[in-house]
Amino acid sequence: MPPHILLLGAGFSRNWGGWLADEAFEYLLGCPQLDDGLRTLLWRYKGQGGFECALSELQTETAKHFTVALLDHHTRLERAILQMFADMNKAFSTINFEFQNSIECLVRSYLVRFDAIFTLNQDVLIEQHYLNQNVALSQYRQWNGWQIPGMLQLPREDMRPHVSKWSPVEEAKFAVEKKLQPYFKLHGSSNWFVDEGSSGRPLLIMGGNKPDAIDRHPILRWSHARFKEYLSKPGTRLMVIGYSFGDEHINNAMGEAAEHETLRLFIIDPSGVDVLEKSNPLATLFPGSPLARLHSCVIGASRRPLREIFGGDLVEHAKVMRFFTSA
């Protein structure tokens, strides 16, 4: 059977109240860590990459023309962003993850079917509401549990995965273990740290030039290679939820897989298949572009929110679940 893999973007967490880029921009404007200069910088990038591009400018300027003032601005914005994730993660702890109680239509019953889950999100929604012993109890897949490959859960009294801090193991020990469902965070996480026991070096990729930043961290480089490896397998089926197709390195990985003419793609997004054009309106003018190559791979889409798909809309739910059974 061909592998079925899942890729999550910010639009996935949005179903439970997570912020999208414009909402993150508005949150950051009110953060006490920001001064007028940083707010001016954020406004400059509104609609043109948002807070990530603002952070990228500070990262570049600090590296090229180091001053104490630049470092202070960079630190302030980074701390505000981390506070944003902390507030979002705290709110997630109060939500009801499921939209109804039928086992067949649980979000968890859906997630457990995938051979691997990849996410670009840095919140801990999945860690809070999915990564638990129920992964091993599912009637839909014979998993012995879950894993975050290549990452070590640092010891503490409360060992729940969303509360713990995580740090990479030695590169030689990176591995996907059999019978454990792998969960890969391609851009790091708000509770990951570069060094074991570190209190100030978060491992999350923000800002511009993500490929170079990923390449500097062995765990992220290895995880991205696993994404490409899964995509390259004959007949791979990829479900994408809430990803705006705005990251070139992710699009290139999917575009390369599309060239083999075996990738099959299903999209869940408010724009349906139109999200491919919204992210890059010129894609259809350049047949060789990664997004244009994906057109022939698309086997369906849903424009409805997960609250409807998994909350009682049996017609749409059946369409989405057909992803696992159709040829």
# chains A, B, ... in the order shown; residues from 1 in each chain; ligands from 1
$ closest_atom_pairs --of "stretch 46-116 of chain A" --to "stretch 296-309 of chain A" --cutoff "10 Å" --atoms "only C-alpha atoms" --output "tab-separated table"
residue	atom	partner	partner_atom	distance
A:Phe97	CA	A:Arg307	CA	9.8
A:Glu98	CA	A:Arg307	CA	8.4
A:Phe99	CA	A:Arg307	CA	6.0
A:Gln100	CA	A:Arg307	CA	9.1
A:Cys105	CA	A:Ile309	CA	8.5
A:Leu106	CA	A:Ile309	CA	9.9
A:Val107	CA	A:Leu306	CA	8.4
$ select_by_dssp --residues "stretch 114-152 of chain A" --states "strand (DSSP E)" --output "PyMOL selection string"
chain A and resi 116-119+145-147+151-152
$ write_last_selection --atoms "N, CA, C and O atoms" --output "mmCIF file, in the first residue's frame"
data_model
loop_
_atom_site.group_PDB
_atom_site.id
_atom_site.type_symbol
_atom_site.label_atom_id
_atom_site.label_comp_id
_atom_site.auth_asym_id
_atom_site.auth_seq_id
_atom_site.Cartn_x
_atom_site.Cartn_y
_atom_site.Cartn_z
ATOM 1 N N ALA A 116 2.854 9.088 8.345
ATOM 2 C CA ALA A 116 3.705 10.114 8.953
ATOM 3 C C ALA A 116 2.955 11.433 8.913
ATOM 4 O O ALA A 116 2.197 11.707 7.982
ATOM 5 N N ILE A 117 3.168 12.243 9.952
ATOM 6 C CA ILE A 117 2.589 13.578 10.025
ATOM 7 C C ILE A 117 3.727 14.591 10.038
ATOM 8 O O ILE A 117 4.652 14.494 10.855
ATOM 9 N N PHE A 118 3.669 15.550 9.121
ATOM 10 C CA PHE A 118 4.635 16.641 9.061
ATOM 11 C C PHE A 118 3.886 17.947 9.338
ATOM 12 O O PHE A 118 2.751 18.120 8.902
ATOM 13 N N THR A 119 4.534 18.850 10.049
ATOM 14 C CA THR A 119 3.903 20.141 10.300
ATOM 15 C C THR A 119 4.911 21.263 10.154
ATOM 16 O O THR A 119 6.098 21.102 10.453
ATOM 17 N N GLY A 145 2.493 3.370 19.436
ATOM 18 C CA GLY A 145 2.576 4.680 20.056
ATOM 19 C C GLY A 145 3.046 5.703 19.039
ATOM 20 O O GLY A 145 2.913 5.500 17.823
ATOM 21 N N TRP A 146 3.617 6.806 19.517
ATOM 22 C CA TRP A 146 4.044 7.899 18.654
ATOM 23 C C TRP A 146 5.487 8.258 18.979
ATOM 24 O O TRP A 146 6.037 7.840 19.995
ATOM 25 N N GLN A 147 6.095 9.042 18.091
ATOM 26 C CA GLN A 147 7.436 9.545 18.344
ATOM 27 C C GLN A 147 7.638 10.883 17.629
ATOM 28 O O GLN A 147 6.971 11.164 16.623
ATOM 29 N N MET A 151 14.309 13.673 18.460
ATOM 30 C CA MET A 151 14.172 14.608 19.576
ATOM 31 C C MET A 151 14.079 13.866 20.898
ATOM 32 O O MET A 151 13.464 12.801 20.991
ATOM 33 N N LEU A 152 14.694 14.463 21.920
ATOM 34 C CA LEU A 152 14.700 13.908 23.262
ATOM 35 C C LEU A 152 13.845 14.765 24.179
ATOM 36 O O LEU A 152 14.010 15.988 24.240
#
$ residues_around --residues "A:Leu71" --least-positions-apart "2" --cutoff "12 Å" --atoms "only C-alpha atoms" --output "PyMOL selection string"
chain A and resi 55+57-69+73-78
$ write_last_selection --atoms "N, CA, C and O atoms" --output "JSON list (two decimals), in the first residue's frame"
[["chain", "number", "residue", "atom", "x", "y", "z"],
["A", 55, "LEU", "N", 11.39, 40.16, 11.09],
["A", 55, "LEU", "CA", 12.42, 39.47, 11.86],
["A", 55, "LEU", "C", 13.63, 39.16, 10.98],
["A", 55, "LEU", "O", 14.78, 39.28, 11.41],
["A", 57, "GLU", "N", 14.75, 40.86, 8.46],
["A", 57, "GLU", "CA", 15.56, 42.08, 8.28],
["A", 57, "GLU", "C", 16.46, 42.30, 9.49],
["A", 57, "GLU", "O", 17.65, 42.63, 9.35],
["A", 58, "LEU", "N", 15.89, 42.12, 10.68],
["A", 58, "LEU", "CA", 16.69, 42.31, 11.89],
["A", 58, "LEU", "C", 17.81, 41.27, 11.99],
["A", 58, "LEU", "O", 18.94, 41.58, 12.40],
["A", 59, "GLN", "N", 17.50, 40.03, 11.62],
["A", 59, "GLN", "CA", 18.52, 38.99, 11.64],
["A", 59, "GLN", "C", 19.67, 39.33, 10.71],
["A", 59, "GLN", "O", 20.85, 39.21, 11.06],
["A", 60, "THR", "N", 19.33, 39.78, 9.50],
["A", 60, "THR", "CA", 20.35, 40.11, 8.51],
["A", 60, "THR", "C", 21.17, 41.32, 8.94],
["A", 60, "THR", "O", 22.42, 41.31, 8.87],
["A", 61, "GLU", "N", 20.49, 42.36, 9.38],
["A", 61, "GLU", "CA", 21.20, 43.59, 9.77],
["A", 61, "GLU", "C", 22.08, 43.36, 10.99],
["A", 61, "GLU", "O", 23.19, 43.89, 11.08],
["A", 62, "THR", "N", 21.59, 42.56, 11.93],
["A", 62, "THR", "CA", 22.38, 42.28, 13.14],
["A", 62, "THR", "C", 23.63, 41.49, 12.80],
["A", 62, "THR", "O", 24.71, 41.72, 13.36],
["A", 63, "ALA", "N", 23.51, 40.56, 11.84],
["A", 63, "ALA", "CA", 24.67, 39.76, 11.44],
["A", 63, "ALA", "C", 25.68, 40.59, 10.65],
["A", 63, "ALA", "O", 26.90, 40.43, 10.81],
["A", 64, "LYS", "N", 25.19, 41.51, 9.80],
["A", 64, "LYS", "CA", 26.09, 42.28, 8.94],
["A", 64, "LYS", "C", 26.68, 43.50, 9.63],
["A", 64, "LYS", "O", 27.85, 43.85, 9.44],
["A", 65, "HIS", "N", 25.85, 44.19, 10.41],
["A", 65, "HIS", "CA", 26.26, 45.47, 10.99],
["A", 65, "HIS", "C", 25.93, 45.47, 12.49],
["A", 65, "HIS", "O", 25.10, 46.25, 12.94],
["A", 66, "PHE", "N", 26.57, 44.58, 13.22],
["A", 66, "PHE", "CA", 26.22, 44.40, 14.63],
["A", 66, "PHE", "C", 26.35, 45.69, 15.43],
["A", 66, "PHE", "O", 27.37, 46.37, 15.39],
["A", 67, "THR", "N", 25.26, 46.00, 16.14],
["A", 67, "THR", "CA", 25.29, 47.04, 17.16],
["A", 67, "THR", "C", 24.45, 46.56, 18.32],
["A", 67, "THR", "O", 23.58, 45.68, 18.17],
["A", 68, "VAL", "N", 24.65, 47.13, 19.47],
["A", 68, "VAL", "CA", 23.86, 46.75, 20.64],
["A", 68, "VAL", "C", 22.38, 47.07, 20.41],
["A", 68, "VAL", "O", 21.50, 46.30, 20.80],
["A", 69, "ALA", "N", 22.11, 48.18, 19.71],
["A", 69, "ALA", "CA", 20.72, 48.57, 19.44],
["A", 69, "ALA", "C", 20.03, 47.56, 18.53],
["A", 69, "ALA", "O", 18.87, 47.19, 18.76],
["A", 73, "HIS", "N", 16.80, 45.14, 19.44],
["A", 73, "HIS", "CA", 15.57, 45.06, 18.66],
["A", 73, "HIS", "C", 15.29, 43.62, 18.24],
["A", 73, "HIS", "O", 14.14, 43.15, 18.29],
["A", 74, "HIS", "N", 16.33, 42.91, 17.80],
["A", 74, "HIS", "CA", 16.17, 41.52, 17.39],
["A", 74, "HIS", "C", 15.67, 40.67, 18.57],
["A", 74, "HIS", "O", 14.72, 39.88, 18.43],
["A", 75, "THR", "N", 16.27, 40.86, 19.74],
["A", 75, "THR", "CA", 15.88, 40.10, 20.93],
["A", 75, "THR", "C", 14.46, 40.42, 21.35],
["A", 75, "THR", "O", 13.68, 39.53, 21.72],
["A", 76, "ARG", "N", 14.10, 41.70, 21.30],
["A", 76, "ARG", "CA", 12.75, 42.11, 21.70],
["A", 76, "ARG", "C", 11.68, 41.48, 20.81],
["A", 76, "ARG", "O", 10.67, 40.96, 21.29],
["A", 77, "LEU", "N", 11.90, 41.51, 19.50],
["A", 77, "LEU", "CA", 10.90, 40.94, 18.58],
["A", 77, "LEU", "C", 10.83, 39.43, 18.74],
["A", 77, "LEU", "O", 9.72, 38.86, 18.74],
["A", 78, "GLU", "N", 11.96, 38.79, 18.90],
["A", 78, "GLU", "CA", 11.95, 37.34, 19.08],
["A", 78, "GLU", "C", 11.21, 36.94, 20.35],
["A", 78, "GLU", "O", 10.43, 35.98, 20.37]]
$ closest_residue --among "A:Leu204, A:Pro2, A:Val194, A:Ile267" --to "A:Lys319" --atoms "only C-alpha atoms"
A:Ile267
$ residues_around --residues "stretch 27-34 of chain A" --least-positions-apart "3" --cutoff "9 Å" --atoms "only C-alpha atoms" --output "list in words"
Trp19, Asp22, Glu23, Ala24, Gly37, Leu38, Arg39, Leu42, Trp43, Phe51, His73, Arg76, Leu77, Arg79, Ala80, Ile81, Gln83 and Met84 of chain A
$ select_by_dssp --residues "stretch 60-303 of chain A" --states "helix (DSSP H, G or I)" --output "NGL selection string"
:A and (60-64 or 68-92 or 103-105 or 107-111 or 125-129 or 134-137 or 171-173 or 210-215 or 218-232 or 248-259 or 272-279 or 283-285 or 290-297)
$ closest_residue --among "A:Ala318, A:Gly272, A:Ile214, A:Arg293" --to "A:Ile241" --atoms "only C-alpha atoms"
A:Gly272
$ decode --residues "stretch 152-173 of chain A" --atoms "N, CA, C and O atoms" --output "mmCIF file, in the first residue's frame"
data_model
loop_
_atom_site.group_PDB
_atom_site.id
_atom_site.type_symbol
_atom_site.label_atom_id
_atom_site.label_comp_id
_atom_site.auth_asym_id
_atom_site.auth_seq_id
_atom_site.Cartn_x
_atom_site.Cartn_y
_atom_site.Cartn_z
ATOM 1 N N LEU A 152 14.694 14.463 21.920
ATOM 2 C CA LEU A 152 14.700 13.908 23.262
ATOM 3 C C LEU A 152 13.845 14.765 24.179
ATOM 4 O O LEU A 152 14.010 15.988 24.240
ATOM 5 N N GLN A 153 12.924 14.122 24.895
ATOM 6 C CA GLN A 153 12.083 14.809 25.869
ATOM 7 C C GLN A 153 12.880 14.977 27.161
ATOM 8 O O GLN A 153 13.285 13.998 27.786
ATOM 9 N N LEU A 154 13.144 16.229 27.538
ATOM 10 C CA LEU A 154 13.988 16.487 28.702
ATOM 11 C C LEU A 154 13.241 16.167 29.993
ATOM 12 O O LEU A 154 12.054 16.485 30.127
ATOM 13 N N PRO A 155 13.916 15.553 30.947
ATOM 14 C CA PRO A 155 13.249 15.098 32.177
ATOM 15 C C PRO A 155 12.665 16.259 32.991
ATOM 16 O O PRO A 155 13.283 17.316 33.128
ATOM 17 N N ARG A 156 11.476 16.044 33.479
ATOM 18 C CA ARG A 156 10.842 16.963 34.407
ATOM 19 C C ARG A 156 9.694 16.239 35.081
ATOM 20 O O ARG A 156 9.318 15.133 34.658
ATOM 21 N N GLU A 157 9.114 16.838 36.095
ATOM 22 C CA GLU A 157 8.049 16.163 36.838
ATOM 23 C C GLU A 157 6.844 15.882 35.960
ATOM 24 O O GLU A 157 6.254 14.800 36.002
ATOM 25 N N ASP A 158 6.446 16.846 35.153
ATOM 26 C CA ASP A 158 5.318 16.690 34.233
ATOM 27 C C ASP A 158 5.873 16.347 32.857
ATOM 28 O O ASP A 158 6.487 17.180 32.196
ATOM 29 N N MET A 159 5.684 15.095 32.423
ATOM 30 C CA MET A 159 6.278 14.624 31.174
ATOM 31 C C MET A 159 5.293 14.643 30.008
ATOM 32 O O MET A 159 5.531 13.996 28.988
ATOM 33 N N ARG A 160 4.202 15.364 30.136
ATOM 34 C CA ARG A 160 3.324 15.494 28.980
ATOM 35 C C ARG A 160 4.087 16.211 27.862
ATOM 36 O O ARG A 160 4.840 17.156 28.121
ATOM 37 N N PRO A 161 3.917 15.772 26.605
ATOM 38 C CA PRO A 161 4.784 16.284 25.530
ATOM 39 C C PRO A 161 4.679 17.780 25.283
ATOM 40 O O PRO A 161 5.646 18.399 24.839
ATOM 41 N N HIS A 162 3.528 18.390 25.563
ATOM 42 C CA HIS A 162 3.395 19.819 25.305
ATOM 43 C C HIS A 162 3.978 20.662 26.431
ATOM 44 O O HIS A 162 4.305 21.835 26.236
ATOM 45 N N VAL A 163 4.136 20.065 27.610
ATOM 46 C CA VAL A 163 4.713 20.766 28.751
ATOM 47 C C VAL A 163 6.237 20.650 28.754
ATOM 48 O O VAL A 163 6.947 21.571 29.151
ATOM 49 N N SER A 164 6.739 19.520 28.265
ATOM 50 C CA SER A 164 8.172 19.256 28.271
ATOM 51 C C SER A 164 8.934 20.183 27.337
ATOM 52 O O SER A 164 8.387 20.714 26.362
ATOM 53 N N LYS A 165 10.222 20.337 27.637
ATOM 54 C CA LYS A 165 11.159 20.901 26.673
ATOM 55 C C LYS A 165 11.803 19.736 25.921
ATOM 56 O O LYS A 165 11.992 18.644 26.470
ATOM 57 N N TRP A 166 12.141 19.986 24.660
ATOM 58 C CA TRP A 166 12.723 18.953 23.815
ATOM 59 C C TRP A 166 14.043 19.455 23.235
ATOM 60 O O TRP A 166 14.194 20.644 22.970
ATOM 61 N N SER A 167 14.953 18.526 23.012
ATOM 62 C CA SER A 167 16.255 18.871 22.438
ATOM 63 C C SER A 167 16.687 17.742 21.496
ATOM 64 O O SER A 167 16.350 16.570 21.737
ATOM 65 N N PRO A 168 17.426 18.035 20.433
ATOM 66 C CA PRO A 168 17.850 16.974 19.505
ATOM 67 C C PRO A 168 18.806 15.982 20.164
ATOM 68 O O PRO A 168 19.637 16.358 20.986
ATOM 69 N N VAL A 169 18.678 14.720 19.786
ATOM 70 C CA VAL A 169 19.649 13.705 20.178
ATOM 71 C C VAL A 169 20.863 13.826 19.270
ATOM 72 O O VAL A 169 20.897 14.658 18.351
ATOM 73 N N GLU A 170 21.859 12.994 19.486
ATOM 74 C CA GLU A 170 23.019 12.986 18.602
ATOM 75 C C GLU A 170 22.570 12.613 17.193
ATOM 76 O O GLU A 170 21.700 11.766 16.998
ATOM 77 N N GLU A 171 23.205 13.255 16.205
ATOM 78 C CA GLU A 171 22.788 13.055 14.816
ATOM 79 C C GLU A 171 22.830 11.581 14.421
ATOM 80 O O GLU A 171 21.981 11.110 13.646
ATOM 81 N N ALA A 172 23.788 10.824 14.941
ATOM 82 C CA ALA A 172 23.908 9.402 14.596
ATOM 83 C C ALA A 172 22.703 8.591 15.083
ATOM 84 O O ALA A 172 22.471 7.469 14.609
ATOM 85 N N LYS A 173 21.927 9.157 16.021
ATOM 86 C CA LYS A 173 20.783 8.441 16.579
ATOM 87 C C LYS A 173 19.449 8.859 15.955
ATOM 88 O O LYS A 173 18.400 8.382 16.382
#
